[in-house]
file model32.tsv (TSV, C-alpha atoms)
chain	number	residue	atom	x	y	z
A	1	MET	CA	123.58	177.81	100.78
A	2	LYS	CA	121.71	179.02	103.85
A	3	LYS	CA	119.79	175.72	104.00
A	4	ILE	CA	123.05	173.76	103.90
A	5	ILE	CA	124.56	175.84	106.71
A	6	TYR	CA	121.34	175.48	108.71
A	7	ARG	CA	121.38	171.70	108.28
A	8	ILE	CA	125.03	171.55	109.30
A	9	VAL	CA	124.32	173.60	112.43
A	10	ILE	CA	121.34	171.40	113.31
A	11	PHE	CA	123.42	168.27	112.74
A	12	VAL	CA	126.22	169.59	114.95
A	13	VAL	CA	123.79	170.60	117.71
A	14	ILE	CA	121.99	167.25	117.63
A	15	SER	CA	125.28	165.35	117.56
A	16	PHE	CA	126.62	167.34	120.50
A	17	ALA	CA	123.41	166.82	122.47
A	18	LEU	CA	123.49	163.10	121.76
A	19	LEU	CA	127.11	162.78	122.83
A	20	PHE	CA	126.34	164.85	125.94
A	21	VAL	CA	123.50	162.54	126.97
A	22	ILE	CA	125.38	159.33	126.14
A	23	GLY	CA	128.52	160.57	127.90
A	24	SER	CA	126.58	161.65	130.99
A	25	PHE	CA	124.92	158.25	131.35
A	26	TYR	CA	128.22	156.51	130.62
A	27	PHE	CA	130.05	158.23	133.47
A	28	TYR	CA	127.12	157.64	135.82
A	29	HIS	CA	127.25	153.95	134.99
A	30	LEU	CA	131.03	153.95	135.24
A	31	ALA	CA	131.39	155.51	138.68
A	32	ILE	CA	128.08	155.72	140.54
A	33	ASP	CA	125.84	152.87	139.43
A	34	ARG	CA	126.32	149.70	141.49
A	35	ASN	CA	128.29	147.35	139.27
A	36	GLU	CA	131.76	145.92	138.79
A	37	LYS	CA	134.29	148.73	138.47
A	38	LYS	CA	136.94	147.40	136.12
A	39	PHE	CA	138.04	150.90	135.12
A	40	LEU	CA	140.12	151.16	138.31
A	41	GLN	CA	142.19	148.09	137.48
A	42	GLY	CA	145.71	149.07	136.47
A	43	ASN	CA	145.22	152.69	137.55
A	44	ASP	CA	148.71	154.07	138.23
A	45	ASP	CA	147.32	156.49	140.82
A	46	LEU	CA	146.28	153.55	142.98
A	47	GLU	CA	149.68	151.89	142.97
A	48	VAL	CA	150.97	151.56	146.51
A	49	SER	CA	154.26	150.43	147.96
A	50	ALA	CA	155.05	146.73	148.11
A	51	GLU	CA	154.91	146.97	151.90
A	52	ALA	CA	151.42	148.47	151.82
A	53	MET	CA	150.17	146.03	149.20
A	54	ASP	CA	151.32	143.10	151.32
A	55	VAL	CA	149.45	144.42	154.35
A	56	PHE	CA	146.33	145.29	152.33
A	57	THR	CA	146.16	141.80	150.83
A	58	ASN	CA	147.82	139.51	153.39
A	59	GLY	CA	148.06	141.44	156.64
A	60	ASP	CA	147.59	139.90	160.07
A	61	TRP	CA	144.50	142.06	160.49
A	62	TYR	CA	142.58	139.64	158.27
A	63	GLU	CA	143.13	136.83	160.77
A	64	TRP	CA	142.26	139.15	163.64
A	65	ARG	CA	139.03	140.19	161.93
A	66	ASP	CA	138.02	136.61	161.21
A	67	ARG	CA	138.54	135.62	164.85
A	68	GLN	CA	136.10	138.24	166.11
A	69	THR	CA	132.40	137.68	166.67
A	70	PHE	CA	130.64	140.74	165.32
A	71	GLN	CA	127.03	141.36	166.23
A	72	GLU	CA	125.05	142.08	163.08
A	73	MET	CA	122.86	145.17	163.10
A	74	GLU	CA	120.37	146.53	160.60
A	75	ILE	CA	118.62	149.82	159.93
A	76	ILE	CA	116.15	151.04	157.34
A	77	SER	CA	117.36	154.19	155.62
A	78	PHE	CA	115.25	157.27	154.90
A	79	ASP	CA	114.63	155.86	151.41
A	80	GLU	CA	113.70	152.36	152.61
A	81	LEU	CA	117.00	150.53	152.07
A	82	LYS	CA	118.12	147.78	154.41
A	83	LEU	CA	121.62	148.60	155.57
A	84	ARG	CA	123.91	146.23	157.43
A	85	GLY	CA	126.25	147.11	160.28
A	86	TYR	CA	128.57	145.17	162.58
A	87	PHE	CA	129.28	145.79	166.27
A	88	LEU	CA	132.15	144.35	168.30
A	89	GLU	CA	131.97	144.80	172.04
A	90	ALA	CA	135.22	145.75	173.76
A	91	LYS	CA	136.98	143.11	175.86
A	92	GLU	CA	136.54	145.27	178.96
A	93	GLU	CA	133.49	147.40	179.57
A	94	THR	CA	133.89	150.93	178.21
A	95	ASN	CA	131.75	153.72	176.83
A	96	LYS	CA	134.25	154.55	174.09
A	97	VAL	CA	133.24	153.62	170.54
A	98	VAL	CA	134.83	154.05	167.13
A	99	MET	CA	132.42	154.11	164.21
A	100	PHE	CA	134.15	153.36	160.92
A	101	ALA	CA	133.25	154.34	157.36
A	102	HIS	CA	134.98	152.45	154.55
A	103	GLY	CA	136.18	153.58	151.14
A	104	TYR	CA	134.87	153.30	147.59
A	105	LEU	CA	134.01	149.69	146.64
A	106	GLY	CA	135.01	148.49	150.10
A	107	HIS	CA	133.15	146.70	152.88
A	108	GLY	CA	132.60	147.57	156.50
A	109	LYS	CA	134.90	144.91	157.89
A	110	ASP	CA	137.77	146.17	155.70
A	111	MET	CA	138.21	148.79	158.42
A	112	ALA	CA	139.52	146.06	160.70
A	113	LEU	CA	142.88	147.29	159.38
A	114	PHE	CA	142.38	150.18	161.83
A	115	GLY	CA	139.93	148.40	164.11
A	116	GLU	CA	142.52	146.02	165.51
A	117	TYR	CA	144.45	148.99	166.92
A	118	TYR	CA	141.37	150.63	168.44
A	119	TYR	CA	140.22	147.31	169.92
A	120	GLU	CA	143.45	145.72	171.13
A	121	GLN	CA	145.48	148.77	172.14
A	122	LEU	CA	142.92	151.46	172.93
A	123	GLY	CA	140.19	149.20	174.27
A	124	TYR	CA	137.34	150.60	172.18
A	125	ASN	CA	134.02	149.13	171.15
A	126	ILE	CA	133.91	148.93	167.35
A	127	PHE	CA	131.12	149.62	164.91
A	128	THR	CA	131.42	149.40	161.14
A	129	ALA	CA	128.89	149.22	158.31
A	130	ASP	CA	128.55	148.36	154.65
A	131	ALA	CA	127.69	151.64	152.95
A	132	ARG	CA	124.65	151.79	150.70
A	133	GLY	CA	125.47	150.16	147.38
A	134	HIS	CA	128.24	148.08	149.00
A	135	GLY	CA	128.61	144.68	150.60
A	136	THR	CA	125.43	143.28	152.11
A	137	SER	CA	123.66	146.63	152.25
A	138	GLU	CA	120.98	147.43	149.70
A	139	GLY	CA	121.16	150.23	147.16
A	140	ASP	CA	121.74	150.41	143.43
A	141	TYR	CA	124.03	153.44	143.51
A	142	ILE	CA	127.05	154.74	145.43
A	143	GLY	CA	126.33	157.79	147.56
A	144	PHE	CA	129.85	159.28	147.78
A	145	GLY	CA	129.04	160.27	151.34
A	146	TRP	CA	125.98	162.43	150.80
A	147	HIS	CA	123.07	160.12	151.53
A	148	ASP	CA	125.47	158.07	153.63
A	149	ARG	CA	125.71	160.95	156.09
A	150	LEU	CA	122.02	160.49	156.88
A	151	ASP	CA	122.56	156.74	157.21
A	152	TYR	CA	125.28	157.40	159.77
A	153	LEU	CA	123.03	159.66	161.79
A	154	ARG	CA	120.75	156.64	162.18
A	155	TRP	CA	123.67	154.37	162.94
A	156	ILE	CA	124.85	156.79	165.62
A	157	ASP	CA	121.46	156.53	167.34
A	158	GLU	CA	121.67	152.72	167.14
A	159	VAL	CA	125.16	152.69	168.66
A	160	ILE	CA	124.07	154.98	171.49
A	161	ASP	CA	121.21	152.57	172.21
A	162	GLN	CA	123.73	149.71	172.17
A	163	VAL	CA	126.40	151.28	174.41
A	164	GLY	CA	124.33	153.65	176.52
A	165	SER	CA	123.60	157.34	176.78
A	166	ASP	CA	127.10	157.98	178.14
A	167	ALA	CA	128.70	156.69	174.92
A	168	GLU	CA	131.68	158.64	173.61
A	169	ILE	CA	131.92	158.23	169.86
A	170	VAL	CA	134.69	158.94	167.36
A	171	LEU	CA	133.90	158.71	163.65
A	172	HIS	CA	136.84	157.39	161.58
A	173	GLY	CA	136.62	157.22	157.80
A	174	LEU	CA	138.97	156.33	154.96
A	175	SER	CA	138.79	157.93	151.48
A	176	MET	CA	135.08	157.99	150.55
A	177	GLY	CA	134.44	157.06	154.16
A	178	ALA	CA	136.51	160.05	155.25
A	179	ALA	CA	134.36	162.33	153.11
A	180	THR	CA	131.31	160.61	154.61
A	181	VAL	CA	132.26	161.34	158.23
A	182	LEU	CA	133.10	164.93	157.28
A	183	MET	CA	129.66	165.28	155.74
A	184	VAL	CA	128.22	163.88	158.96
A	185	SER	CA	130.20	166.44	160.96
A	186	GLY	CA	128.21	169.32	159.51
A	187	GLU	CA	124.90	167.93	160.74
A	188	GLU	CA	123.32	168.49	164.12
A	189	LEU	CA	124.97	165.72	166.12
A	190	PRO	CA	124.16	164.22	169.50
A	191	SER	CA	126.55	165.18	172.28
A	192	GLN	CA	127.92	161.63	172.32
A	193	VAL	CA	129.88	162.29	169.10
A	194	LYS	CA	133.18	163.68	170.34
A	195	ALA	CA	135.58	163.68	167.39
A	196	VAL	CA	136.12	162.87	163.70
A	197	VAL	CA	139.13	161.31	161.95
A	198	ALA	CA	139.24	161.74	158.17
A	199	ASP	CA	141.98	159.80	156.36
A	200	SER	CA	142.46	160.81	152.70
A	201	PRO	CA	139.16	162.68	152.09
A	202	TYR	CA	138.01	164.67	149.06
A	203	THR	CA	136.41	168.10	149.15
A	204	SER	CA	133.36	167.14	147.09
A	205	ALA	CA	132.27	164.42	144.70
A	206	TYR	CA	132.29	166.99	141.89
A	207	ASP	CA	135.88	168.05	142.62
A	208	LEU	CA	137.05	164.44	142.76
A	209	PHE	CA	135.31	163.51	139.51
A	210	ALA	CA	136.67	166.61	137.76
A	211	TYR	CA	140.19	165.69	138.83
A	212	GLN	CA	139.78	162.07	137.73
A	213	MET	CA	138.16	162.94	134.39
A	214	LYS	CA	141.15	165.09	133.52
A	215	ARG	CA	143.69	162.60	134.82
A	216	MET	CA	142.15	159.37	133.51
A	217	PHE	CA	140.37	160.54	130.35
A	218	SER	CA	142.01	163.92	129.51
A	219	LEU	CA	138.55	165.50	129.54
A	220	PRO	CA	137.44	168.82	131.05
A	221	ALA	CA	134.76	168.72	133.72
A	222	PHE	CA	132.32	170.83	131.71
A	223	PRO	CA	129.96	169.82	130.22
A	224	LEU	CA	130.07	166.03	130.73
A	225	LEU	CA	130.49	166.10	134.48
A	226	ASP	CA	127.62	168.53	134.84
A	227	GLY	CA	125.53	166.19	132.72
A	228	THR	CA	126.59	163.26	134.92
A	229	SER	CA	125.52	165.29	137.93
A	230	ILE	CA	122.08	165.78	136.38
A	231	VAL	CA	121.77	162.03	135.75
A	232	THR	CA	122.90	161.39	139.33
A	233	ASN	CA	120.24	163.76	140.61
A	234	VAL	CA	117.56	161.95	138.64
A	235	ARG	CA	118.75	158.41	139.35
A	236	ALA	CA	120.20	158.75	142.87
A	237	ASP	CA	118.58	161.95	144.17
A	238	TYR	CA	121.74	163.94	144.79
A	239	SER	CA	124.05	166.13	142.73
A	240	LEU	CA	127.82	165.84	142.65
A	241	LYS	CA	128.26	169.41	143.89
A	242	GLU	CA	125.73	168.81	146.65
A	243	ALA	CA	127.88	165.94	147.96
A	244	SER	CA	130.31	168.40	149.51
A	245	ALA	CA	132.48	167.71	152.52
A	246	ILE	CA	133.95	171.20	152.41
A	247	ASP	CA	130.53	172.82	152.77
A	248	GLN	CA	129.76	170.55	155.71
A	249	VAL	CA	132.96	171.15	157.70
A	250	ARG	CA	132.19	174.86	157.68
A	251	HIS	CA	129.35	173.97	160.04
A	252	ALA	CA	131.18	171.36	162.11
A	253	GLU	CA	131.45	171.80	165.86
A	254	VAL	CA	133.37	168.60	166.68
A	255	PRO	CA	137.18	168.38	166.55
A	256	ILE	CA	138.50	166.93	163.29
A	257	LEU	CA	141.80	165.19	162.55
A	258	TYR	CA	142.79	165.15	158.89
A	259	ILE	CA	145.35	162.59	157.71
A	260	HIS	CA	146.70	162.45	154.16
A	261	GLY	CA	149.62	160.94	152.30
A	262	GLU	CA	151.87	163.53	150.69
A	263	ALA	CA	152.32	161.28	147.63
A	264	ASP	CA	148.60	160.69	147.08
A	265	THR	CA	147.83	161.09	143.37
A	266	PHE	CA	144.36	159.51	143.48
A	267	VAL	CA	142.87	161.95	146.00
A	268	PRO	CA	145.32	164.86	146.15
A	269	THR	CA	146.73	165.98	149.50
A	270	ALA	CA	145.55	169.49	148.65
A	271	TYR	CA	141.98	168.38	149.38
A	272	SER	CA	142.76	167.80	153.05
A	273	GLU	CA	144.60	171.10	153.18
A	274	GLN	CA	141.57	172.88	151.74
A	275	LEU	CA	139.24	171.12	154.14
A	276	PHE	CA	141.50	171.95	157.06
A	277	ALA	CA	141.51	175.62	156.09
A	278	GLU	CA	137.71	175.75	155.94
A	279	THR	CA	137.06	173.85	159.17
A	280	LYS	CA	135.73	176.10	161.93
A	281	SER	CA	135.97	173.63	164.81
A	282	GLU	CA	139.13	172.39	166.56
A	283	LYS	CA	141.33	170.73	163.95
A	284	ARG	CA	144.60	168.95	163.30
A	285	LEU	CA	146.35	167.97	160.06
A	286	LEU	CA	148.84	165.12	159.71
A	287	THR	CA	150.51	164.61	156.32
A	288	ILE	CA	152.65	161.53	155.80
A	289	GLU	CA	155.72	161.76	153.60
A	290	GLY	CA	155.89	159.20	150.78
A	291	ALA	CA	152.40	157.79	151.41
A	292	ASN	CA	150.05	157.21	148.47
A	293	HIS	CA	146.30	156.92	148.79
A	294	GLY	CA	145.21	155.39	152.09
A	295	GLU	CA	148.55	153.80	152.95
A	296	GLY	CA	149.71	156.19	155.67
A	297	PHE	CA	148.66	153.82	158.46
A	298	ILE	CA	150.97	151.16	157.04
A	299	ILE	CA	154.12	152.99	155.97
A	300	ALA	CA	154.19	155.27	159.02
A	301	GLU	CA	152.30	153.05	161.46
A	302	GLU	CA	153.83	154.19	164.74
A	303	HIS	CA	153.74	157.86	163.81
A	304	TYR	CA	150.12	157.50	162.68
A	305	LYS	CA	149.13	155.73	165.90
A	306	ASP	CA	150.97	158.19	168.14
A	307	TYR	CA	149.39	161.20	166.45
A	308	LEU	CA	145.96	159.59	166.47
A	309	LYS	CA	146.21	158.66	170.14
A	310	GLY	CA	147.32	162.17	171.04
A	311	PHE	CA	144.30	163.57	169.25
A	312	LEU	CA	141.92	161.10	170.90
A	313	ASP	CA	143.42	161.67	174.35
A	314	LYS	CA	142.72	165.36	174.02
A	315	TYR	CA	139.29	165.33	172.42
A	316	HIS	CA	137.75	161.94	173.09
call {"tool": "encode", "arguments": {"input": "model32.tsv", "output": "structure tokens"}}
result
Amino acid sequence: MKKIIYRIVIFVVISFALLFVIGSFYFYHLAIDRNEKKFLQGNDDLEVSAEAMDVFTNGDWYEWRDRQTFQEMEIISFDELKLRGYFLEAKEETNKVVMFAHGYLGHGKDMALFGEYYYEQLGYNIFTADARGHGTSEGDYIGFGWHDRLDYLRWIDEVIDQVGSDAEIVLHGLSMGAATVLMVSGEELPSQVKAVVADSPYTSAYDLFAYQMKRMFSLPAFPLLDGTSIVTNVRADYSLKEASAIDQVRHAEVPILYIHGEADTFVPTAYSEQLFAETKSEKRLLTIEGANHGEGFIIAEEHYKDYLKGFLDKYH
């Protein structure tokens, strides 16, 4: 009888360990490995208003973007990846620059949605980049902002070289890009970086994954997410808890504007509220009624622009 119980226990332990390993690699492949992400198709949390969908897919900003002549730029990351960036010189000479960071599965030039406003109405130079693991940049994994923060430190130096030592830079990110610029904010920054705008950020990659595992798969974070974090550390050299925007903003010295839709069910509004509470530098928080993930700029365009301009006028 004891042998039977022992064998059952061993079988259960081995089965659990096997499922743990398989599940950890599965979620790494699903979310972090560079590949086609079909799991997001049909996700109810990413449903946006018809108005926003029309602008996202057929907006005039596409034509504006395609009319511009971006100067291509390239850097080599700390881990020897070739990363691609794009610079658009302002129509009239200025030292003001917006550096954009795009969202998960996006491309640098997607930020032309915001770039048209900065360029045409505010007169800024524009820089944007394909994040590692995206677009024309190299990389076989998605960094969720953590290694990307170091990439942006290099891009900042490149932009200063491009514009001049008197450059005044604002970092503006959306979703994963918002988390990226917040992670940058906690680093030692050159004086040319004047402000940060974070639209729909998450507190950490771990927090976001835990929320999505529960919402999409009805699974608790422990132990699979911790296993995924171990795989991520081995394969991509960072852990999901390490990729923390909330830890970084505790060290930020630049002013930060948080923007979040109050109806965001993909990256909850509470994340921006938590980040705002932990930020030690000058800070502002704009929440937009009825806006789902990343659509605040569209459904409340004038309010968004007015609030953004007020923030930039004060701090940039």
call {"tool": "atom_distance", "arguments": {"input": "model32.tsv", "atom1": "CA of Asp33 (chain A)", "atom2": "CA of Phe144 (chain A)"}}
result
11.3 Å
call {"tool": "closest_atom_pairs", "arguments": {"input": "model32.tsv", "of": "region 84-189 of chain A", "to": "region 61-70 of chain A", "cutoff": "10 Å", "atoms": "all atoms listed in the file", "output": "JSON lines"}}
result
{"residue": "A:Gly85", "atom": "CA", "partner": "A:Phe70", "partner_atom": "CA", "distance": 9.2}
{"residue": "A:Tyr86", "atom": "CA", "partner": "A:Phe70", "partner_atom": "CA", "distance": 5.6}
{"residue": "A:Phe87", "atom": "CA", "partner": "A:Phe70", "partner_atom": "CA", "distance": 5.3}
{"residue": "A:Leu88", "atom": "CA", "partner": "A:Phe70", "partner_atom": "CA", "distance": 4.9}
{"residue": "A:Glu89", "atom": "CA", "partner": "A:Phe70", "partner_atom": "CA", "distance": 8.0}
{"residue": "A:Lys109", "atom": "CA", "partner": "A:Arg65", "partner_atom": "CA", "distance": 7.5}
{"residue": "A:Asp110", "atom": "CA", "partner": "A:Tyr62", "partner_atom": "CA", "distance": 8.5}
{"residue": "A:Met111", "atom": "CA", "partner": "A:Arg65", "partner_atom": "CA", "distance": 9.3}
{"residue": "A:Ala112", "atom": "CA", "partner": "A:Arg65", "partner_atom": "CA", "distance": 6.0}
{"residue": "A:Leu113", "atom": "CA", "partner": "A:Trp61", "partner_atom": "CA", "distance": 5.6}
{"residue": "A:Phe114", "atom": "CA", "partner": "A:Trp61", "partner_atom": "CA", "distance": 8.5}
{"residue": "A:Gly115", "atom": "CA", "partner": "A:Arg65", "partner_atom": "CA", "distance": 8.5}
{"residue": "A:Glu116", "atom": "CA", "partner": "A:Trp61", "partner_atom": "CA", "distance": 6.7}
{"residue": "A:Tyr117", "atom": "CA", "partner": "A:Trp61", "partner_atom": "CA", "distance": 9.5}
{"residue": "A:Ile126", "atom": "CA", "partner": "A:Phe70", "partner_atom": "CA", "distance": 9.0}
{"residue": "A:Phe127", "atom": "CA", "partner": "A:Phe70", "partner_atom": "CA", "distance": 8.9}
{"residue": "A:Thr128", "atom": "CA", "partner": "A:Phe70", "partner_atom": "CA", "distance": 9.6}
call {"tool": "closest_residue", "arguments": {"input": "model32.tsv", "among": "A:Asp199, A:Glu295, A:Asp166, A:Glu138", "to": "Val55 (chain A)", "atoms": "only C-alpha atoms"}}
result
A:Glu295
call {"tool": "residues_near_point", "arguments": {"input": "model32.tsv", "point": "(132.7, 172.8, 144.1)", "cutoff": "8 Å", "atoms": "only C-alpha atoms", "output": "list in words"}}
result
Thr203, Ser204, Tyr206, Asp207, Lys241 and Ser244 of chain A
call {"tool": "residues_around", "arguments": {"input": "model32.tsv", "residues": "Lys283 (chain A)", "least_positions_apart": "3", "cutoff": "9 Å", "atoms": "all atoms listed in the file", "output": "PyMOL selection string"}}
result
chain A and resi 254-258+276+279-280
call {"tool": "residues_around", "arguments": {"input": "model32.tsv", "residues": "Trp146 (chain A)", "least_positions_apart": "2", "cutoff": "7 Å", "atoms": "only C-alpha atoms", "output": "VMD selection string"}}
result
chain A and resid 143 to 144 148 to 149 180 183 243
call {"tool": "write_last_selection", "arguments": {"input": "model32.tsv", "atoms": "C-alpha atoms", "output": "PDB file, in the coordinates of the input"}}
result
ATOM      1  CA  GLY A 143     126.330 157.790 147.560  1.00  0.00           C
ATOM      2  CA  PHE A 144     129.850 159.280 147.780  1.00  0.00           C
ATOM      3  CA  ASP A 148     125.470 158.070 153.630  1.00  0.00           C
ATOM      4  CA  ARG A 149     125.710 160.950 156.090  1.00  0.00           C
ATOM      5  CA  THR A 180     131.310 160.610 154.610  1.00  0.00           C
ATOM      6  CA  MET A 183     129.660 165.280 155.740  1.00  0.00           C
ATOM      7  CA  ALA A 243     127.880 165.940 147.960  1.00  0.00           C
TER       8      ALA A 243
END
call {"tool": "axis_aligned_box", "arguments": {"input": "model32.tsv", "around": "region 142-149 of chain A", "padding_each_side": "8 Å", "output": "AutoDock Vina command-line options"}}
result
--center_x 126.5 --center_y 158.6 --center_z 150.8 --size_x 22.8 --size_y 23.7 --size_z 26.7
call {"tool": "closest_residue", "arguments": {"input": "model32.tsv", "among": "A:Val159, A:His102, A:Ile4, A:His134", "to": "Glu72 (chain A)", "atoms": "only C-alpha atoms"}}
result
A:Val159
call {"tool": "closest_residue", "arguments": {"input": "model32.tsv", "among": "A:Gly108, A:Tyr119, A:Lys194, A:Leu224", "to": "Leu18 (chain A)", "atoms": "all atoms listed in the file"}}
result
A:Leu224
call {"tool": "closest_residue", "arguments": {"input": "model32.tsv", "among": "A:Pro190, A:Pro223, A:Asp54, A:Asp306", "to": "Asp157 (chain A)", "atoms": "all atoms listed in the file"}}
result
A:Pro190
call {"tool": "closest_residue", "arguments": {"input": "model32.tsv", "among": "A:Tyr28, A:Phe56, A:Tyr238, A:Tyr118", "to": "Gly145 (chain A)", "atoms": "all atoms listed in the file"}}
result
A:Tyr238
call {"tool": "closest_residue", "arguments": {"input": "model32.tsv", "among": "A:Ala210, A:Ala198, A:Ala245, A:Leu312", "to": "Gly186 (chain A)", "atoms": "only C-alpha atoms"}}
result
A:Ala245
call {"tool": "residues_near_point", "arguments": {"input": "model32.tsv", "point": "(125.6, 160.2, 139.7)", "cutoff": "6 Å", "atoms": "all atoms listed in the file", "output": "PDB file with C-alpha atoms, in the coordinates of the input"}}
result
ATOM      1  CA  TYR A  28     127.120 157.640 135.820  1.00  0.00           C
ATOM      2  CA  ILE A  32     128.080 155.720 140.540  1.00  0.00           C
ATOM      3  CA  THR A 228     126.590 163.260 134.920  1.00  0.00           C
ATOM      4  CA  SER A 229     125.520 165.290 137.930  1.00  0.00           C
ATOM      5  CA  VAL A 231     121.770 162.030 135.750  1.00  0.00           C
ATOM      6  CA  THR A 232     122.900 161.390 139.330  1.00  0.00           C
TER       7      THR A 232
END
call {"tool": "atom_distance", "arguments": {"input": "model32.tsv", "atom1": "CA of Leu219 (chain A)", "atom2": "CA of Ser175 (chain A)"}}
result
23.2 Å
call {"tool": "atom_distance", "arguments": {"input": "model32.tsv", "atom1": "CA of Leu153 (chain A)", "atom2": "CA of Lys96 (chain A)"}}
result
17.4 Å
call {"tool": "residues_around", "arguments": {"input": "model32.tsv", "residues": "Lys91 (chain A)", "least_positions_apart": "6", "cutoff": "9 Å", "atoms": "only C-alpha atoms", "output": "mmCIF file with C-alpha atoms, keeping the file's coordinate frame"}}
result
data_model
loop_
_atom_site.group_PDB
_atom_site.id
_atom_site.type_symbol
_atom_site.label_atom_id
_atom_site.label_comp_id
_atom_site.auth_asym_id
_atom_site.auth_seq_id
_atom_site.Cartn_x
_atom_site.Cartn_y
_atom_site.Cartn_z
ATOM 1 C CA TYR A 119 140.220 147.310 169.920
ATOM 2 C CA GLU A 120 143.450 145.720 171.130
ATOM 3 C CA GLY A 123 140.190 149.200 174.270
ATOM 4 C CA TYR A 124 137.340 150.600 172.180
ATOM 5 C CA ASN A 125 134.020 149.130 171.150
#
call {"tool": "decode", "arguments": {"input": "model32.tsv", "residues": "region 165-177 of chain A", "atoms": "N, CA and C atoms", "output": "compact mmCIF listing (two decimals), in the first residue's frame"}}
result
# COMPACT_ATOMS: atom_id res chain seq x y z
N SER A 165 22.77 70.36 -28.66
CA SER A 165 22.85 70.23 -27.20
C SER A 165 21.77 71.01 -26.48
N ASP A 166 21.10 71.92 -27.19
CA ASP A 166 20.01 72.68 -26.57
C ASP A 166 18.66 72.02 -26.79
N ALA A 167 18.65 70.78 -27.28
CA ALA A 167 17.40 70.07 -27.52
C ALA A 167 16.54 70.00 -26.25
N GLU A 168 15.23 70.11 -26.45
CA GLU A 168 14.28 69.93 -25.35
C GLU A 168 13.36 68.79 -25.75
N ILE A 169 13.45 67.69 -25.01
CA ILE A 169 12.83 66.43 -25.42
C ILE A 169 11.67 66.06 -24.51
N VAL A 170 10.56 65.65 -25.12
CA VAL A 170 9.47 65.02 -24.39
C VAL A 170 9.35 63.59 -24.89
N LEU A 171 9.22 62.65 -23.98
CA LEU A 171 9.02 61.24 -24.31
C LEU A 171 7.53 60.95 -24.22
N HIS A 172 6.95 60.39 -25.30
CA HIS A 172 5.50 60.14 -25.34
C HIS A 172 5.29 58.69 -25.77
N GLY A 173 4.71 57.90 -24.89
CA GLY A 173 4.50 56.49 -25.18
C GLY A 173 3.04 56.08 -25.03
N LEU A 174 2.68 55.03 -25.78
CA LEU A 174 1.32 54.49 -25.74
C LEU A 174 1.38 53.03 -25.31
N SER A 175 0.60 52.65 -24.29
CA SER A 175 0.49 51.26 -23.84
C SER A 175 1.86 50.70 -23.44
N MET A 176 2.37 49.70 -24.12
CA MET A 176 3.70 49.21 -23.81
C MET A 176 4.72 50.32 -23.95
N GLY A 177 4.51 51.19 -24.93
CA GLY A 177 5.41 52.34 -25.09
C GLY A 177 5.31 53.30 -23.92
